file coords03.txt (compact mmCIF, C-alpha atoms)
# COMPACT_ATOMS: atom_id res chain seq x y z
CA GLU A 296 60.21 125.98 18.22
CA SER A 297 57.18 123.82 18.88
CA TRP A 298 54.99 123.23 15.85
CA TYR A 299 51.62 121.52 15.99
CA GLY A 300 49.79 119.59 13.30
CA PRO A 301 46.02 119.60 12.70
CA PHE A 302 45.37 116.18 14.25
CA TYR A 303 43.21 115.80 17.32
CA ASP A 304 44.29 113.54 20.14
CA PHE A 305 41.61 111.02 21.08
CA GLY A 306 42.77 109.44 24.33
CA TYR A 307 45.10 106.55 24.92
CA GLY A 308 45.43 104.24 21.93
CA THR A 309 47.46 101.04 21.70
CA SER A 310 47.45 100.59 17.93
CA GLY A 311 49.18 102.57 15.21
CA PRO A 312 46.60 101.53 12.59
CA GLU A 313 43.86 102.89 14.89
CA ALA A 314 45.48 106.34 14.86
CA VAL A 315 46.06 106.17 11.10
CA ALA A 316 42.40 105.27 10.54
CA LYS A 317 41.33 108.42 12.38
CA TRP A 318 43.95 110.78 10.96
CA GLY A 319 44.61 109.42 7.47
CA TRP A 320 48.02 108.17 6.33
CA GLU A 321 48.56 110.65 3.49
CA ALA A 322 47.47 113.58 5.65
CA LEU A 323 49.87 112.49 8.39
CA VAL A 324 52.84 112.15 6.04
CA ARG A 325 51.94 115.47 4.36
CA GLU A 326 52.16 117.41 7.64
CA ILE A 327 55.58 115.97 8.47
CA VAL A 328 56.73 116.75 4.92
CA ARG A 329 55.46 120.30 5.40
CA ALA A 330 57.59 120.70 8.52
CA ILE A 331 60.69 119.24 6.85
CA ARG A 332 60.37 121.52 3.81
CA LEU A 333 59.82 124.56 6.01
CA VAL A 334 62.68 123.90 8.42
CA GLN A 335 65.10 122.32 5.90
CA PRO A 336 67.13 120.34 8.45
CA GLN A 337 70.43 118.59 7.86
CA VAL A 338 69.46 115.96 10.41
CA LEU A 339 66.03 114.59 11.31
CA VAL A 340 65.54 112.81 14.65
CA GLY A 341 62.40 110.73 15.04
CA ARG A 342 61.28 110.48 18.66
CA TYR A 343 59.37 107.31 17.76
CA THR A 344 60.07 104.38 15.45
CA GLY A 345 56.66 103.07 14.43
CA GLU A 346 57.19 99.89 16.47
CA ALA A 347 55.32 98.49 19.46
CA SER A 348 57.96 99.90 21.82
CA ASP A 349 56.52 103.36 21.09
CA GLY A 350 53.62 102.55 23.41
CA HIS A 351 50.81 104.90 22.42
CA GLY A 352 49.19 104.13 19.10
CA GLN A 353 49.53 107.80 18.18
CA HIS A 354 53.27 107.56 18.78
CA GLN A 355 53.51 104.47 16.57
CA ALA A 356 51.68 106.25 13.75
CA ILE A 357 53.93 109.31 13.91
CA GLY A 358 57.05 107.14 14.03
CA ALA A 359 56.10 105.18 10.93
CA ALA A 360 55.00 108.27 8.99
CA THR A 361 58.28 110.05 9.75
CA VAL A 362 60.25 107.38 7.87
CA GLU A 363 58.15 107.84 4.74
CA ALA A 364 58.17 111.64 5.08
CA PHE A 365 61.98 111.63 5.08
CA ASP A 366 61.93 110.44 1.45
CA ALA A 367 58.71 112.17 0.42
CA ALA A 368 60.02 115.62 1.36
CA ALA A 369 62.66 115.29 -1.39
CA ASP A 370 60.23 114.01 -4.04
CA PRO A 371 58.74 116.81 -6.21
CA ALA A 372 55.87 114.50 -7.15
CA ARG A 373 54.74 114.27 -3.51
CA PHE A 374 52.55 117.04 -2.10
CA PRO A 375 53.24 119.81 -4.66
CA GLU A 376 50.12 121.53 -3.29
CA LEU A 377 52.18 122.61 -0.27
CA GLY A 378 53.88 125.18 -2.50
CA LEU A 379 57.24 124.58 -0.81
CA PRO A 380 60.59 123.66 -2.39
CA VAL A 381 61.53 120.02 -1.99
CA TRP A 382 64.20 119.29 0.59
CA GLN A 383 66.49 116.30 1.03
CA THR A 384 67.53 115.79 4.63
CA SER A 385 70.87 114.00 4.85
CA LYS A 386 70.33 111.76 7.88
CA LEU A 387 67.45 110.19 9.80
CA TYR A 388 67.90 108.96 13.36
CA GLN A 389 65.40 107.25 15.64
CA SER A 390 65.35 107.47 19.42
CA THR A 391 65.72 104.17 21.27
CA ASP A 392 63.90 105.36 24.39
CA GLY A 393 60.48 104.10 23.38
CA ASP A 394 57.68 104.98 25.79
CA TRP A 395 57.01 104.17 29.40
CA GLN A 396 54.41 104.82 32.07
CA ALA A 397 54.98 106.19 35.55
CA ASP A 398 54.63 102.79 37.25
CA GLU A 399 56.87 100.92 34.80
CA GLN A 400 60.54 100.12 35.28
CA HIS A 401 62.71 102.15 32.94
CA THR A 402 66.45 102.77 32.92
CA LEU A 403 66.99 106.47 32.31
CA GLY A 404 70.35 107.89 31.30
CA GLN A 405 72.33 104.68 31.87
CA ARG A 406 74.71 102.95 29.48
CA ARG A 407 72.88 100.34 27.41
CA PRO A 408 75.19 97.48 26.33
CA GLU A 409 72.75 96.36 23.61
CA PHE A 410 73.22 99.70 21.84
CA GLU A 411 77.00 99.85 22.15
CA ARG A 412 77.47 98.67 18.57
CA ASP A 413 77.66 99.78 14.96
CA GLY A 414 74.72 101.80 13.68
CA TYR A 415 73.99 103.43 17.03
CA LEU A 416 75.10 106.78 18.40
CA ARG A 417 75.58 107.53 22.10
CA ILE A 418 75.31 111.13 23.31
CA ASP A 419 76.20 112.25 26.84
CA THR A 420 73.97 115.20 27.70
CA GLY A 421 75.63 115.37 31.10
CA GLU A 422 78.41 117.44 29.56
CA HIS A 423 78.86 120.85 31.17
CA ASP A 424 77.59 123.93 29.35
CA PRO A 425 79.90 126.78 30.44
CA ILE A 426 77.44 129.45 29.31
CA ALA A 427 74.53 128.16 31.40
CA GLY A 428 76.72 126.95 34.26
CA MET A 429 75.05 123.53 34.31
CA SER A 430 74.85 120.44 32.13
CA TYR A 431 72.62 120.20 29.07
CA GLN A 432 70.61 117.49 30.82
CA GLN A 433 70.00 119.71 33.84
CA GLN A 434 68.65 122.40 31.51
CA ALA A 435 66.46 119.82 29.78
CA VAL A 436 65.00 118.60 33.07
CA LEU A 437 64.14 122.14 34.17
CA ALA A 438 62.32 122.62 30.87
CA LEU A 439 60.56 119.26 31.09
CA ASN A 440 59.31 120.06 34.58
CA CYS A 441 57.30 122.91 33.05
CA HIS A 442 55.09 120.23 31.44
CA GLN A 443 52.74 120.35 34.40
CA THR A 444 49.64 118.84 32.79
CA GLN A 445 51.17 115.36 33.17
CA ALA A 446 52.62 115.99 36.63
CA ILE A 447 56.21 115.61 35.45
CA GLY A 448 58.83 116.31 38.10
CA PHE A 449 62.47 115.24 37.83
CA VAL A 450 65.47 116.33 39.88
CA PRO A 451 68.06 118.09 37.66
CA GLU A 452 71.09 116.10 38.84
CA ALA A 453 74.62 116.58 37.52
CA GLY A 454 76.67 113.78 35.98
CA SER A 455 76.67 111.71 32.80
CA TYR A 456 73.30 111.02 31.19
CA PHE A 457 73.24 108.94 28.02
CA TYR A 458 70.86 108.83 25.08
CA TYR A 459 71.11 106.35 22.19
CA TYR A 460 69.97 106.92 18.62
CA ARG A 461 69.75 104.47 15.75
CA LEU A 462 70.89 105.71 12.34
CA LYS A 463 67.88 104.71 10.23
CA LYS A 464 68.91 106.35 6.93
CA SER A 465 71.94 108.28 5.73
CA LEU A 466 72.74 109.77 2.34
CA VAL A 467 76.31 110.63 3.37
CA PRO A 468 79.19 108.30 4.29
CA THR A 469 79.51 107.77 8.03
CA PRO A 470 81.79 105.72 10.26
CA ALA A 471 80.34 102.54 11.71
CA ARG A 472 80.52 104.00 15.23
CA GLU A 473 79.55 107.65 15.06
CA ARG A 474 80.56 110.23 17.64
CA SER A 475 78.18 113.02 16.57
CA LEU A 476 74.87 113.58 14.81
CA TYR A 477 76.90 115.59 12.28
CA ASP A 478 79.39 112.89 11.31
CA GLY A 479 79.68 113.00 7.52
CA LEU A 480 78.24 116.53 7.37
CA ASP A 481 79.64 120.05 7.50
CA PRO A 482 77.46 122.00 9.98
CA SER A 483 79.44 125.22 9.44
CA LEU A 484 78.53 127.99 7.00
CA LEU A 485 80.62 126.22 4.34
CA GLY A 486 78.16 123.34 4.49
CA LEU A 487 75.70 125.47 2.51
CA ALA A 488 77.84 124.83 -0.57
CA ASP A 489 77.04 121.10 -0.31
CA TRP A 490 73.29 121.82 -0.52
CA ALA A 491 73.50 124.48 -3.19
CA GLY A 492 73.08 122.36 -6.31
CA GLY A 493 73.09 124.24 -9.62
CA GLY A 494 72.38 127.86 -10.35
CA THR A 495 74.65 129.36 -7.67
CA PRO A 496 77.28 132.06 -8.18
CA SER A 497 80.68 130.82 -9.34
CA ASP A 498 82.36 132.30 -6.26
CA PHE A 499 79.80 130.88 -3.82
CA SER A 500 82.20 128.70 -1.80
CA ALA A 501 84.96 131.32 -1.83
CA THR A 502 82.55 133.95 -0.50
CA LEU A 503 81.42 131.63 2.30
CA GLU A 504 85.06 131.09 3.27
CA THR A 505 85.58 134.86 3.45
CA ILE A 506 82.49 135.23 5.64
CA LEU A 507 83.81 132.52 7.98
CA THR A 508 87.04 134.49 8.30
CA GLU A 509 85.01 137.54 9.31
CA ILE A 510 83.10 135.47 11.88
CA ASP A 511 86.43 134.34 13.38
CA ALA A 512 87.56 137.95 13.52
CA ALA A 513 84.38 138.91 15.36
CA LEU A 514 84.89 136.12 17.88
CA SER A 515 88.47 137.20 18.55
CA ARG A 516 87.32 140.79 19.20
CA PHE A 517 84.33 139.93 21.34
CA ARG A 518 84.48 141.01 24.98
CA PRO A 519 81.49 140.86 27.35
CA ASP A 520 82.22 144.38 28.62
CA ASP A 521 82.59 145.80 25.08
CA PRO A 522 80.67 143.61 22.59
CA ALA A 523 80.44 146.46 20.04
CA ALA A 524 84.03 145.72 18.97
CA ALA A 525 82.80 142.51 17.32
CA ALA A 526 80.13 144.21 15.23
CA GLY A 527 82.40 145.46 12.43
CA PRO A 528 83.40 142.06 10.97
CA LEU A 529 79.82 140.84 11.37
CA VAL A 530 78.50 143.78 9.36
CA ALA A 531 81.01 142.97 6.60
CA GLY A 532 79.89 139.34 6.62
CA LEU A 533 76.25 140.37 6.51
CA GLU A 534 76.80 142.50 3.42
CA ARG A 535 78.48 139.59 1.63
CA LEU A 536 75.58 137.30 2.56
CA ARG A 537 73.06 139.82 1.26
CA ARG A 538 74.90 140.05 -2.06
CA LEU A 539 74.90 136.26 -2.35
CA ARG A 540 71.18 136.19 -1.65
CA THR A 541 70.41 138.47 -4.59
CA GLN A 542 72.06 135.92 -6.90
CA VAL A 543 70.02 132.93 -5.69
CA ASP A 544 66.57 132.18 -7.09
CA ASP A 545 63.73 132.59 -4.60
CA ILE A 546 62.34 129.15 -5.40
CA GLN A 547 65.55 127.41 -4.42
CA ALA A 548 65.73 125.83 -0.99
CA LEU A 549 69.13 127.51 -0.63
CA GLY A 550 67.41 130.91 -0.65
CA ARG A 551 65.56 130.06 2.56
CA GLN A 552 68.82 128.94 4.18
CA LEU A 553 70.52 132.23 3.29
CA ASP A 554 67.52 134.18 4.62
CA HIS A 555 67.91 132.35 7.93
CA LYS A 556 71.64 133.10 8.10
CA ILE A 557 71.04 136.77 7.27
CA ALA A 558 68.52 137.05 10.11
CA SER A 559 71.00 135.40 12.49
CA PHE A 560 73.72 137.88 11.51
CA GLU A 561 71.33 140.79 12.06
CA ASP A 562 70.37 139.50 15.52
CA ALA A 563 74.04 139.10 16.51
CA ILE A 564 74.93 142.59 15.28
CA LEU A 565 72.04 144.19 17.16
CA ALA A 566 73.05 142.36 20.32
CA CYS A 567 76.69 143.48 19.99
CA LEU A 568 75.63 147.09 19.47
CA GLY A 569 73.16 147.05 22.32
CA LEU A 570 70.29 148.02 20.03
CA ASP A 571 66.70 146.96 20.56
CA VAL A 572 63.70 147.62 18.36
CA ASP A 573 60.07 147.32 19.45
CA CYS A 574 57.35 147.24 16.79
CA VAL A 575 53.68 147.14 17.72
CA ALA A 576 50.76 147.02 15.29
CA GLU A 577 47.68 149.13 16.01
CA ARG A 578 45.45 146.05 15.62
CA ALA A 579 45.92 142.43 16.54
CA HIS A 580 44.34 140.98 13.38
CA VAL A 581 45.11 142.17 9.86
CA THR A 582 44.01 140.80 6.49
CA PRO A 583 46.85 140.23 3.99
CA GLY A 584 47.14 143.27 1.71
CA GLU A 585 45.43 145.58 4.20
CA ARG A 586 47.16 148.73 5.38
CA VAL A 587 48.05 148.88 9.07
CA ARG A 588 49.96 151.39 11.19
CA ILE A 589 53.07 150.14 12.97
CA PHE A 590 54.53 152.00 15.94
CA GLY A 591 58.31 151.57 16.23
CA ARG A 592 60.79 152.38 18.96
CA LEU A 593 64.58 152.15 18.73
CA LEU A 594 66.50 151.76 22.00
CA ASN A 595 70.26 152.16 22.30
call {"tool": "encode", "arguments": {"input": "coords03.txt", "output": "structure tokens"}}
result
Amino acid sequence: ESWYGPFYDFGYGTSGPEAVAKWGWEALVREIVRAIRLVQPQVLVGRYTGEASDGHGQHQAIGAATVEAFDAAADPARFPELGLPVWQTSKLYQSTDGDWQADEQHTLGQRRPEFERDGYLRIDTGEHDPIAGMSYQQQAVLALNCHQTQAIGFVPEAGSYFYYYRLKKSLVPTPARERSLYDGLDPSLLGLADWAGGGTPSDFSATLETILTEIDAALSRFRPDDPAAAAGPLVAGLERLRRLRTQVDDIQALGRQLDHKIASFEDAILACLGLDVDCVAERAHVTPGERVRIFGRLLN
């Protein structure tokens, strides 16, 4: 998803303080905190660092504010007016790419000896994606070429393509030389138990393990020519998730995570069953609390 803040661009700037003077430091941090609390990520990746290598002054301002927002999002004393539960992201990375102009020399996708050391992570996006039939970098280039307002045009070539990230902050133990953004974390469904905190059902972890078993059963039954066979275990897992959700307080950040997982299960089940639902409102704009007619259509 692409989310946009309320800050106006004002042309090319070379100074971070210049951008902060126009936008306001607290307002800038608040908007990044808003995004963190809404998304609730395990990992946050800052495209910019707040240093001169960021180029644009606007980039420098965003990079510096992201570091403060990482901590502020978990502080209940910061920005309570947002009305969102606080959220502690586990890891903060910063891109090492910096910024560059079209006529400047820049090494793209190559190994960088200066970053082959502790505290930095190398990712090869040239790995093949069997679902898409091309590498992740090729897919990224095709997407980037859609950014036509800046006349971007790259050739989606195959082969290794390296990115480096600096681990700026981590609240979990990690090896000195990481191999993944998720080192030290559990990105599976069981990882929700690590974020749960107090006030969760006593059988929370055991129920998540059962749901994972049902996911594995669905995967083993899935066939492209008969995907409906995988729906049964997914429905069972969905019902367990829904029961868990009723036992978690709405104000807890965990509740939002479970809502997201429930929606993902529903999407997967509908896809396996070949069901599609169209819903169209009779009017494009509706005031909250107002009655509106919705026209629905179920396709099988």
call {"tool": "closest_residue", "arguments": {"input": "coords03.txt", "among": "A:Glu585, A:Asp413, A:Asp573, A:Glu363", "to": "A:Pro470", "atoms": "only C-alpha atoms"}}
result
A:Asp413
call {"tool": "atom_distance", "arguments": {"input": "coords03.txt", "atom1": "atom CA of A:Glu452", "atom2": "atom CA of A:Leu387"}}
result
29.9 Å
call {"tool": "residues_around", "arguments": {"input": "coords03.txt", "residues": "A:Pro408", "least_positions_apart": "5", "cutoff": "12 Å", "atoms": "all atoms listed in the file", "output": "PyMOL selection string"}}
result
chain A and resi 413+415+417+457+459
call {"tool": "residues_around", "arguments": {"input": "coords03.txt", "residues": "stretch 528-545 of chain A", "least_positions_apart": "3", "cutoff": "7 Å", "atoms": "all atoms listed in the file", "output": "PDB file with C-alpha atoms, in the coordinates of the input"}}
result
ATOM      1  CA  THR A 495      74.650 129.360  -7.670  1.00  0.00           C
ATOM      2  CA  PRO A 496      77.280 132.060  -8.180  1.00  0.00           C
ATOM      3  CA  ILE A 506      82.490 135.230   5.640  1.00  0.00           C
ATOM      4  CA  GLU A 509      85.010 137.540   9.310  1.00  0.00           C
ATOM      5  CA  ILE A 510      83.100 135.470  11.880  1.00  0.00           C
ATOM      6  CA  ALA A 512      87.560 137.950  13.520  1.00  0.00           C
ATOM      7  CA  ALA A 513      84.380 138.910  15.360  1.00  0.00           C
ATOM      8  CA  ALA A 525      82.800 142.510  17.320  1.00  0.00           C
ATOM      9  CA  GLY A 550      67.410 130.910  -0.650  1.00  0.00           C
ATOM     10  CA  LEU A 553      70.520 132.230   3.290  1.00  0.00           C
ATOM     11  CA  ILE A 557      71.040 136.770   7.270  1.00  0.00           C
ATOM     12  CA  PHE A 560      73.720 137.880  11.510  1.00  0.00           C
ATOM     13  CA  ILE A 564      74.930 142.590  15.280  1.00  0.00           C
TER      14      ILE A 564
END
call {"tool": "residues_around", "arguments": {"input": "coords03.txt", "residues": "stretch 340-356 of chain A", "least_positions_apart": "2", "cutoff": "7 Å", "atoms": "only C-alpha atoms", "output": "mmCIF file with C-alpha atoms, in the coordinates of the input"}}
result
data_model
loop_
_atom_site.group_PDB
_atom_site.id
_atom_site.type_symbol
_atom_site.label_atom_id
_atom_site.label_comp_id
_atom_site.auth_asym_id
_atom_site.auth_seq_id
_atom_site.Cartn_x
_atom_site.Cartn_y
_atom_site.Cartn_z
ATOM 1 C CA TYR A 307 45.100 106.550 24.920
ATOM 2 C CA GLY A 308 45.430 104.240 21.930
ATOM 3 C CA THR A 309 47.460 101.040 21.700
ATOM 4 C CA SER A 310 47.450 100.590 17.930
ATOM 5 C CA GLY A 311 49.180 102.570 15.210
ATOM 6 C CA GLU A 313 43.860 102.890 14.890
ATOM 7 C CA ALA A 314 45.480 106.340 14.860
ATOM 8 C CA VAL A 315 46.060 106.170 11.100
ATOM 9 C CA VAL A 338 69.460 115.960 10.410
ATOM 10 C CA GLY A 358 57.050 107.140 14.030
ATOM 11 C CA ALA A 359 56.100 105.180 10.930
ATOM 12 C CA ALA A 360 55.000 108.270 8.990
ATOM 13 C CA THR A 361 58.280 110.050 9.750
ATOM 14 C CA LEU A 387 67.450 110.190 9.800
ATOM 15 C CA TYR A 388 67.900 108.960 13.360
ATOM 16 C CA GLN A 389 65.400 107.250 15.640
ATOM 17 C CA SER A 390 65.350 107.470 19.420
ATOM 18 C CA GLY A 393 60.480 104.100 23.380
ATOM 19 C CA ASP A 394 57.680 104.980 25.790
#
call {"tool": "atom_distance", "arguments": {"input": "coords03.txt", "atom1": "atom CA of A:Leu466", "atom2": "atom CA of A:Val334"}}
result
18.4 Å
call {"tool": "atom_distance", "arguments": {"input": "coords03.txt", "atom1": "atom CA of A:Cys441", "atom2": "atom CA of A:Ser297"}}
result
14.2 Å
call {"tool": "closest_residue", "arguments": {"input": "coords03.txt", "among": "A:Thr391, A:Asn595, A:Ser497, A:Thr402", "to": "A:Val572", "atoms": "all atoms listed in the file"}}
result
A:Asn595
call {"tool": "decode", "arguments": {"input": "coords03.txt", "residues": "stretch 315-343 of chain A", "atoms": "N, CA, C and O atoms", "output": "CSV table (one decimal), in the first residue's frame"}}
result
chain,number,residue,atom,x,y,z
A,315,VAL,N,12.3,20.7,7.7
A,315,VAL,CA,11.7,20.6,9.0
A,315,VAL,C,11.1,22.0,9.3
A,315,VAL,O,10.0,22.0,9.9
A,316,ALA,N,11.7,23.1,8.9
A,316,ALA,CA,11.2,24.4,9.2
A,316,ALA,C,9.8,24.6,8.5
A,316,ALA,O,9.0,25.3,9.1
A,317,LYS,N,9.7,24.0,7.4
A,317,LYS,CA,8.4,24.2,6.6
A,317,LYS,C,7.3,23.2,7.1
A,317,LYS,O,6.1,23.5,7.1
A,318,TRP,N,7.7,22.0,7.5
A,318,TRP,CA,6.8,21.0,7.9
A,318,TRP,C,6.5,20.9,9.4
A,318,TRP,O,5.4,20.6,9.8
A,319,GLY,N,7.5,21.2,10.2
A,319,GLY,CA,7.4,21.1,11.6
A,319,GLY,C,7.8,19.7,12.1
A,319,GLY,O,7.3,18.7,11.6
A,320,TRP,N,8.8,19.6,13.0
A,320,TRP,CA,9.4,18.4,13.5
A,320,TRP,C,8.3,17.5,14.1
A,320,TRP,O,8.2,16.3,13.8
A,321,GLU,N,7.6,18.0,15.1
A,321,GLU,CA,6.6,17.2,15.8
A,321,GLU,C,5.5,16.6,14.8
A,321,GLU,O,5.1,15.5,14.9
A,322,ALA,N,5.1,17.5,13.9
A,322,ALA,CA,4.1,17.0,12.9
A,322,ALA,C,4.6,15.9,12.1
A,322,ALA,O,3.9,15.0,11.7
A,323,LEU,N,5.9,16.0,11.7
A,323,LEU,CA,6.5,15.0,10.9
A,323,LEU,C,6.6,13.7,11.6
A,323,LEU,O,6.3,12.6,11.0
A,324,VAL,N,7.1,13.7,12.8
A,324,VAL,CA,7.2,12.5,13.6
A,324,VAL,C,5.9,11.9,13.9
A,324,VAL,O,5.7,10.7,13.8
A,325,ARG,N,4.9,12.8,14.1
A,325,ARG,CA,3.5,12.3,14.4
A,325,ARG,C,3.0,11.4,13.3
A,325,ARG,O,2.3,10.4,13.5
A,326,GLU,N,3.2,11.9,12.0
A,326,GLU,CA,2.6,11.2,10.9
A,326,GLU,C,3.3,9.8,10.7
A,326,GLU,O,2.6,8.9,10.3
A,327,ILE,N,4.6,9.7,11.0
A,327,ILE,CA,5.2,8.4,10.9
A,327,ILE,C,4.8,7.5,12.0
A,327,ILE,O,4.6,6.3,11.8
A,328,VAL,N,4.6,8.1,13.2
A,328,VAL,CA,4.1,7.3,14.3
A,328,VAL,C,2.7,6.8,14.0
A,328,VAL,O,2.3,5.6,14.2
A,329,ARG,N,1.9,7.6,13.3
A,329,ARG,CA,0.5,7.2,12.9
A,329,ARG,C,0.6,6.0,12.0
A,329,ARG,O,-0.2,5.0,12.2
A,330,ALA,N,1.5,6.0,11.0
A,330,ALA,CA,1.6,4.9,10.1
A,330,ALA,C,2.1,3.6,10.8
A,330,ALA,O,1.6,2.5,10.6
A,331,ILE,N,3.0,3.8,11.8
A,331,ILE,CA,3.6,2.6,12.5
A,331,ILE,C,2.5,2.0,13.3
A,331,ILE,O,2.3,0.8,13.3
A,332,ARG,N,1.7,2.8,14.0
A,332,ARG,CA,0.6,2.3,14.9
A,332,ARG,C,-0.5,1.7,14.1
A,332,ARG,O,-1.2,0.8,14.6
A,333,LEU,N,-0.7,2.2,12.9
A,333,LEU,CA,-1.8,1.6,12.1
A,333,LEU,C,-1.4,0.3,11.5
A,333,LEU,O,-2.1,-0.7,11.4
A,334,VAL,N,-0.1,0.2,11.0
A,334,VAL,CA,0.3,-1.0,10.3
A,334,VAL,C,0.8,-2.1,11.2
A,334,VAL,O,0.7,-3.2,11.0
A,335,GLN,N,1.4,-1.6,12.4
A,335,GLN,CA,2.0,-2.5,13.4
A,335,GLN,C,3.0,-3.5,12.8
A,335,GLN,O,2.8,-4.7,12.8
A,336,PRO,N,4.1,-3.0,12.2
A,336,PRO,CA,5.1,-3.9,11.6
A,336,PRO,C,6.0,-4.5,12.6
A,336,PRO,O,6.2,-4.0,13.7
A,337,GLN,N,6.5,-5.7,12.2
A,337,GLN,CA,7.6,-6.3,13.0
A,337,GLN,C,8.9,-5.6,12.7
A,337,GLN,O,9.8,-5.5,13.5
A,338,VAL,N,9.1,-5.2,11.4
A,338,VAL,CA,10.3,-4.6,10.9
A,338,VAL,C,10.0,-3.3,10.2
A,338,VAL,O,9.0,-3.2,9.5
A,339,LEU,N,10.8,-2.3,10.5
A,339,LEU,CA,10.6,-1.0,9.9
A,339,LEU,C,11.9,-0.7,9.1
A,339,LEU,O,13.0,-0.9,9.6
A,340,VAL,N,11.8,-0.4,7.8
A,340,VAL,CA,12.9,-0.1,6.9
A,340,VAL,C,12.8,1.3,6.5
A,340,VAL,O,11.9,1.7,5.8
A,341,GLY,N,13.8,2.1,6.9
A,341,GLY,CA,13.9,3.5,6.5
A,341,GLY,C,14.6,3.7,5.2
A,341,GLY,O,15.7,3.2,5.1
A,342,ARG,N,13.9,4.2,4.2
A,342,ARG,CA,14.6,4.4,2.9
A,342,ARG,C,15.7,5.4,3.1
A,342,ARG,O,16.7,5.4,2.3
A,343,TYR,N,15.6,6.4,4.0
A,343,TYR,CA,16.7,7.4,4.2
A,343,TYR,C,17.1,7.4,5.6
A,343,TYR,O,16.5,6.9,6.5
